[in-house]
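Chemist: I'd like to ask you about the structure that follows.
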Number of protein chains: 4
Amino acid sequence: MSPRPSSAPFPAPLTGVVPPVCTPLTPEYEVDTASLVRLVDHLVAGGVDGLFLLGSSSEAAYLPDGHRRKVVETVIGHLGGQVPVLVGAIDMATLRMLDHAREAVSAGADAVVATAPFYTRTHPAEIARHFRMLAGRTGVPVFAYDLPVSVHTKLGAGLVLELAADGALAGLKDSSGDMSGFREVIVGAKERGIPGFSVLTGSETTVDSALAMGADGVVPGLGNVDPDGYVRLYRLCRDGDWAAARAEQERLCALFRIVRAGAADRMGGSSAGLGAFKAALHLRGVIDCPVTAYPQIPLDEDEVRTVGKHLAAAGLL
Amino acid sequence: MSPRPSSAPFPAPLTGVVPPVCTPLTPEYEVDTASLVRLVDHLVAGGVDGLFLLGSSSEAAYLPDGHRRKVVETVIGHLGGQVPVLVGAIDMATLRMLDHAREAVSAGADAVVATAPFYTRTHPAEIARHFRMLAGRTGVPVFAYDLPVSVHTKLGAGLVLELAADGALAGLKDSSGDMSGFREVIVGAKERGIPGFSVLTGSETTVDSALAMGADGVVPGLGNVDPDGYVRLYRLCRDGDWAAARAEQERLCALFRIVRAGAADRMGGSSAGLGAFKAALHLRGVIDCPVTAYPQIPLDEDEVRTVGKHLAAAGLL
Amino acid sequence: MSPRPSSAPFPAPLTGVVPPVCTPLTPEYEVDTASLVRLVDHLVAGGVDGLFLLGSSSEAAYLPDGHRRKVVETVIGHLGGQVPVLVGAIDMATLRMLDHAREAVSAGADAVVATAPFYTRTHPAEIARHFRMLAGRTGVPVFAYDLPVSVHTKLGAGLVLELAADGALAGLKDSSGDMSGFREVIVGAKERGIPGFSVLTGSETTVDSALAMGADGVVPGLGNVDPDGYVRLYRLCRDGDWAAARAEQERLCALFRIVRAGAADRMGGSSAGLGAFKAALHLRGVIDCPVTAYPQIPLDEDEVRTVGKHLAAAGLL
Amino acid sequence: MSPRPSSAPFPAPLTGVVPPVCTPLTPEYEVDTASLVRLVDHLVAGGVDGLFLLGSSSEAAYLPDGHRRKVVETVIGHLGGQVPVLVGAIDMATLRMLDHAREAVSAGADAVVATAPFYTRTHPAEIARHFRMLAGRTGVPVFAYDLPVSVHTKLGAGLVLELAADGALAGLKDSSGDMSGFREVIVGAKERGIPGFSVLTGSETTVDSALAMGADGVVPGLGNVDPDGYVRLYRLCRDGDWAAARAEQERLCALFRIVRAGAADRMGGSSAGLGAFKAALHLRGVIDCPVTAYPQIPLDEDEVRTVGKHLAAAGLL
């Protein structure tokens, strides 16, 4: 990908591979900016089409505001506009997310990604008000982030399409695992002729299906570990080579098993998933330290060894 | 209640009525400090034993950090140590909560209230780590806040008792509605002889039951509207006048129906509950404006009228 | 309790202690009628006010129709009308439950107990239709059974009261654990003046609270193991001796810990709970074999020993 | 499809389109056998590869045993072995399902379909025991039915594969909507070389994706309404004509919107979905009466008109 002038308009729709960038930490739980820069270079070298900072895979929920700020400044300062940067504004409700969004935009974010409110008990009409205010006050494209496992609300296709048609939403990052609802958004956007609306899947193991349905791109946490694989997969799908795409996807499905290396009776799902991504990045030499944010429990030696075996099997060690 | 010298130790256990203080807002969604001061005076005049700022009933999830800061400074500055002040550190995970806790303590909070992590997928062992770090780094008593409807995790009695026995937790605010688990904590703390551990219920409609089981106090959102009622109820229970306590509790149960005035097909549960509390405070002349934080949907005129009828029936208008 | 003539009308309201009778099985998973008769005698000798057959604690969900039939015939044949017998009609939807209800009534059941439909996705209006048809076609009093952990629907207080006021429901067995909603039913029935409507709690560890609120009785699974304890507790509450009631309840709470003897990483909650009840009945010499219905996993020797220790501590061995 | 001799072995794997057959009822809620026969002929004429009786779309949860028996006898008697017939044994636990399974087999069922236990709280090890006993005692192939929306348990890929490898399961009908887990089963079965294991999707709107992943077939409720469409879709996928498959799938997705014709604030999801299928079958002249089983609420005239518009748009009227 050739350098992108800082004045480049945000792609509409955004397409391709946009990994949610892990946040490397030091053993003292500070942002490890040197490792972060190496990770970003690793992703850009892999051919990704954009970067998503401060998403769930970035451990945004765990990071204090100071850490968040440092991540955004480090990455945007380093990138020099090579690829568009989306920044998550993950927090409980509208005004708190708006504060994060403003800070991200002032640091140079090209777009903002927001969930529905959580912790609160929220009606769909309130979720619509929420996204409309974010869109109205942020000054950059706003993407909705559908992650029911964390937010405990599913964004309905009807709501997403209404907000897309109004211009309140520039895109959707769907990590719900609900392919049927995902397809409703894709088909609905096409039927209504909503120009430039970007539909991205966050599900690492069904990317070929999503793209075959007409999705614009993918935001794969596992793309931190193997950006080349996801770029290859995206291009095979774009070119309609479905048999080769399936083979590449199945290789990535096998690799994705690293998220089950951490024992479920000893740690939460976040620790297992994010710990595996970071262990893999450490084993591949991209980041200095695999530690995940407090209070997550780290993988033990055996579990890291399991991650290593999956990496080797995927041709990544 | 006579003035409390600022050097007074935090009560162990904390007992009595400790309302989670609503956060009055202006029509522009700013903190209405004049109304907040009036509300605090109204509560203290009602005889409450402490105040809990920035809890769920305070709309903490909706309030930006600047709003939160103003609430704490306004109330603590005004109170002059008359009653102990607990401050919520509601956020997604440990380090973010720690930032809130430190800010609250430096503003004079007597204790901090924290939930388990949310948004993330967290193992009980990680929840234990979380509370231990908060306890170790905060410098004031830490209360666990059990609110599964928001946090989507239930704090098990075993975990709470283990942390209480270690001194990591000074108390529990239980808004789970699970009276059986609540009783396990009460009985368990008694059996283990954990001195000074405070078990508080956040359920407005079962306070007599909770106190009869041996709970130390109550943190009633509805106590904003009728602090005198909850103080009366607490004293009747303390004195073992269970028949009169039941009658007072049933009066408060009837009043609690205001939380269903707002139509469930038009607004979320937070809007209905918090909107009703604020409408009632407005009708009673305590606060200037009943608006709830964005993106909540306000009660309409008919719904406010319903709130008024319940107030009248409870003898509060 | 003196014999009850077979022509006795069903008590309205039904009050007191009405245990859900465990179903003793042989090692070959057949109904062990000799043990069942001994269990019934043990309960009646304990002073219970009625029996509830084929509830969840009876493993009704696991029992084929032939087993169910044998249970009802055995117990009703043996009892000779000493106490009223309620029979569960647990199945997925109305017509299937109606078949069970008819069979129970023809075998002599005094009342029928039914949940909302489950497995299906059902609207409250459909739940109302469901209970109305059962009431209209059964010919005996119908009790609603609120057990969200199994049915995955919570019966709202408003719905229950509407059906009670219409005469469609004779009572409620509430095993939801939601004391606030339970109280709404009690208070609502009193306010509306619904005569004879019976409100029973199924929660073993909050019986004193439920009765203090005005509940009519209790349906305790643990009452199989210690009927005398629950009868004592009921009478203390009825007589307003709340301090002694609390002490008795706390003894039963300690005994209730047997349901956690079975390891949660090895068996489901049904196996642990029902297995503990049966192990205790076996250790107390009431039933011949502690086996639970297929495919439940039995307690191991250590776990049975733990049950025994709790029995001893409760003065039951 | 040419007639299938009654001695034909059950296909391993079962492939193609296997609709879950709706159960036409009379206005009095009896099985309408004439309509049922017409529906079966309509499906076989459409080219389906098998029939699944007494599944969720057949309203099995609502049907008394007498109704179930009549459905199985009517269809098997009429078919004369033209296509294999799978029969659901939907009930709460093992021994009850075993009774249904035996009855189905004695009536000529070629295979049996069973969920995990529900209503009960069941451990994965107990679910394994459950399927092993069904497999051991049934004498025909057993398919696992994964339907978390009804069963409230998700069958893990690991568990399914373990049972498949042991020969306890002949196939999986996956209606979980979880394409990622579905793919794990497909890929896992291939990796382990489990011969003849049949992986079928029950999700109407992602059939092309499922087949592209390597699924063997589809069990589409909407296939009652448009069997020709699903047969066409299956053949296009089998032949690798993915663009045409996607177009056919999108036509079927648009048709699937009939399930939202029934108002969600007036009826449950079962009523809306099954009511729409039956309204469509009635409008197409296949069945005499669109009534759904009690206590479901019927579509009103406007809602039926909406169904008709979707049928017309799909070229089916």
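Please note that chains go A, B, ... in the order of the structure tokens, that every chain numbers its residues from 1, and that ligands are numbered from 1 in the order shown.
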For Gln296 in chain A, work out the shell of residues within 12 Å, counting only C-alpha atoms and skipping chain neighbours fewer than 4 positions away, then give it as a PyMOL selection string.
Modeler: (chain A and resi 29+59+61-62+262+266-275+290-292) or (chain B and resi 93-95+117+120-130)
Chemist: Residues within 10 Å of Asp41 in chain B, please, as number ranges by chain. Count only C-alpha atoms; anything in the same chain fewer than 5 positions from it doesn't count.
Modeler: B: 35-36, 46-47, 75, 78-79, 286
Chemist: Would you put the residues from that selection into a file with N, CA and C atoms, as a compact mmCIF listing (two decimals), in the first residue's frame?
Modeler:
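Saved result, result_26.txt, follows:
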# COMPACT_ATOMS: atom_id res chain seq x y z
N SER B 35 -29.24 22.52 43.03
CA SER B 35 -30.21 21.46 43.32
C SER B 35 -29.54 20.31 44.06
N LEU B 36 -28.32 20.02 43.71
CA LEU B 36 -27.60 18.93 44.37
C LEU B 36 -27.43 19.22 45.86
N GLY B 46 -33.44 14.32 56.59
CA GLY B 46 -34.25 13.12 56.77
C GLY B 46 -33.62 12.13 57.74
N GLY B 47 -32.37 12.37 58.09
CA GLY B 47 -31.75 11.52 59.10
C GLY B 47 -30.89 10.41 58.57
N VAL B 75 -20.62 18.08 46.92
CA VAL B 75 -21.25 17.46 48.08
C VAL B 75 -20.31 17.44 49.29
N HIS B 78 -19.89 20.86 50.70
CA HIS B 78 -21.08 21.34 51.40
C HIS B 78 -21.30 20.64 52.73
N LEU B 79 -21.02 19.33 52.74
CA LEU B 79 -21.40 18.53 53.91
C LEU B 79 -20.58 18.85 55.15
N VAL B 286 -37.58 19.63 45.41
CA VAL B 286 -36.19 19.50 45.87
C VAL B 286 -35.20 19.90 44.77
Chemist: Have a look at CA of Phe10 in chain B and CA of Pro84 in chain B and let me know their distance in Å, one decimal.
Modeler: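 If I compute the distance from CA of Phe10 in chain B to CA of Pro84 in chain B, I get 6.9 Å.
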Chemist: So what do you get for CA of Gly136 in chain A versus CA of Arg102 in chain A, distance-wise?
Modeler: 11.8 Å
Chemist: Neighbouring residues of Gly308 in chain D were defined as those with any atom within 8 Å, considering only C-alpha atoms; residues of the same chain fewer than 6 positions away were excluded. Please report them as a PyMOL selection string.
Modeler: chain D and resi 280+283+317
Chemist: Using the selection just defined, write its residues with N, CA, C and O atoms as a PDB file, in the first residue's frame.
Modeler:
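Listing of part.pdb after writing:
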ATOM      1  N   ALA D 280     -48.493 -18.710   4.896  1.00  0.00           N
ATOM      2  CA  ALA D 280     -47.982 -18.801   3.529  1.00  0.00           C
ATOM      3  C   ALA D 280     -48.437 -20.103   2.861  1.00  0.00           C
ATOM      4  O   ALA D 280     -48.845 -20.113   1.687  1.00  0.00           O
ATOM      5  N   LEU D 283     -52.038 -19.608   1.976  1.00  0.00           N
ATOM      6  CA  LEU D 283     -52.195 -18.723   0.819  1.00  0.00           C
ATOM      7  C   LEU D 283     -51.776 -19.426  -0.469  1.00  0.00           C
ATOM      8  O   LEU D 283     -52.344 -19.177  -1.536  1.00  0.00           O
ATOM      9  N   LEU D 317     -46.896 -16.585  -5.659  1.00  0.00           N
ATOM     10  CA  LEU D 317     -48.371 -16.493  -5.663  1.00  0.00           C
ATOM     11  C   LEU D 317     -48.855 -16.228  -7.084  1.00  0.00           C
ATOM     12  O   LEU D 317     -48.241 -15.438  -7.804  1.00  0.00           O
TER      13      LEU D 317
END
Chemist: When you count only C-alpha atoms, which of these residues is closest to chain A: B:Val219, B:Val151, B:Val31, B:Leu316?
Modeler: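 When distances to chain A are compared using only C-alpha atoms, the smallest one comes from B:Val151.
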Chemist: Env of Leu43 in chain A: 9 Å cut, atoms = only C-alpha atoms, seq-sep filter 2 positions within chain, self excluded. Answer as an MDAnalysis selection string.
Modeler: chainID A and resid 19 21 38:41 45:48 51 223:228
Chemist: What residues in range 80-245 of chain C get the DSSP label alpha helix (DSSP H)? Please answer as a PyMOL selection string.
Modeler: chain C and resi 94-106+124-138+148-151+157-165+179-192+207-213+227-238+242-245
Chemist: Just give me the gap between CA of Val187 in chain C and CA of Val207 in chain B in Å, one decimal is fine.
Modeler: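 Straight-line distance from CA of Val187 in chain C to CA of Val207 in chain B works out to 15.2 Å.
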Chemist: Would you mind listing, for every residue of chain B within 6 Å of chain C, the two atoms forming the shortest contact and the distance between them in Å to one decimal, using only C-alpha atoms, sorted by chain and ascending residue number, as a Markdown table?
Modeler:
| residue | atom | partner | partner_atom | distance |
| --- | --- | --- | --- | --- |
| B:Ser180 | CA | C:Thr205 | CA | 5.9 |
| B:Thr205 | CA | C:Ser180 | CA | 5.9 |
| B:Ser209 | CA | C:Ser209 | CA | 5.3 |
Chemist: Assign secondary structure with DSSP using the backbone only, and return the residues of range 19-190 of chain A in strand (DSSP E) as a ChimeraX atom specification.
Modeler: /A:51-53,85-88,111-114,142-146,171-174
Chemist: Name the residues in contact with Glu30 in chain D at a cut-off of 10 Å, using only C-alpha atoms, excluding same-chain residues fewer than 3 positions from it; report them as a list in words.
Modeler: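 So the residues in contact are Thr23, Pro24, Leu25, Thr26, Pro27, Thr33, Leu63, Gly66, His67, Lys70 and Ala293 of chain D.
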Chemist: Can you pull out the residues contacting Ala89 in chain D? Cut-off 6 Å, using only C-alpha atoms, and skip same-chain residues under 2 positions away; I want them as a ChimeraX atom specification.
Modeler: /D:97,100-101,113-114
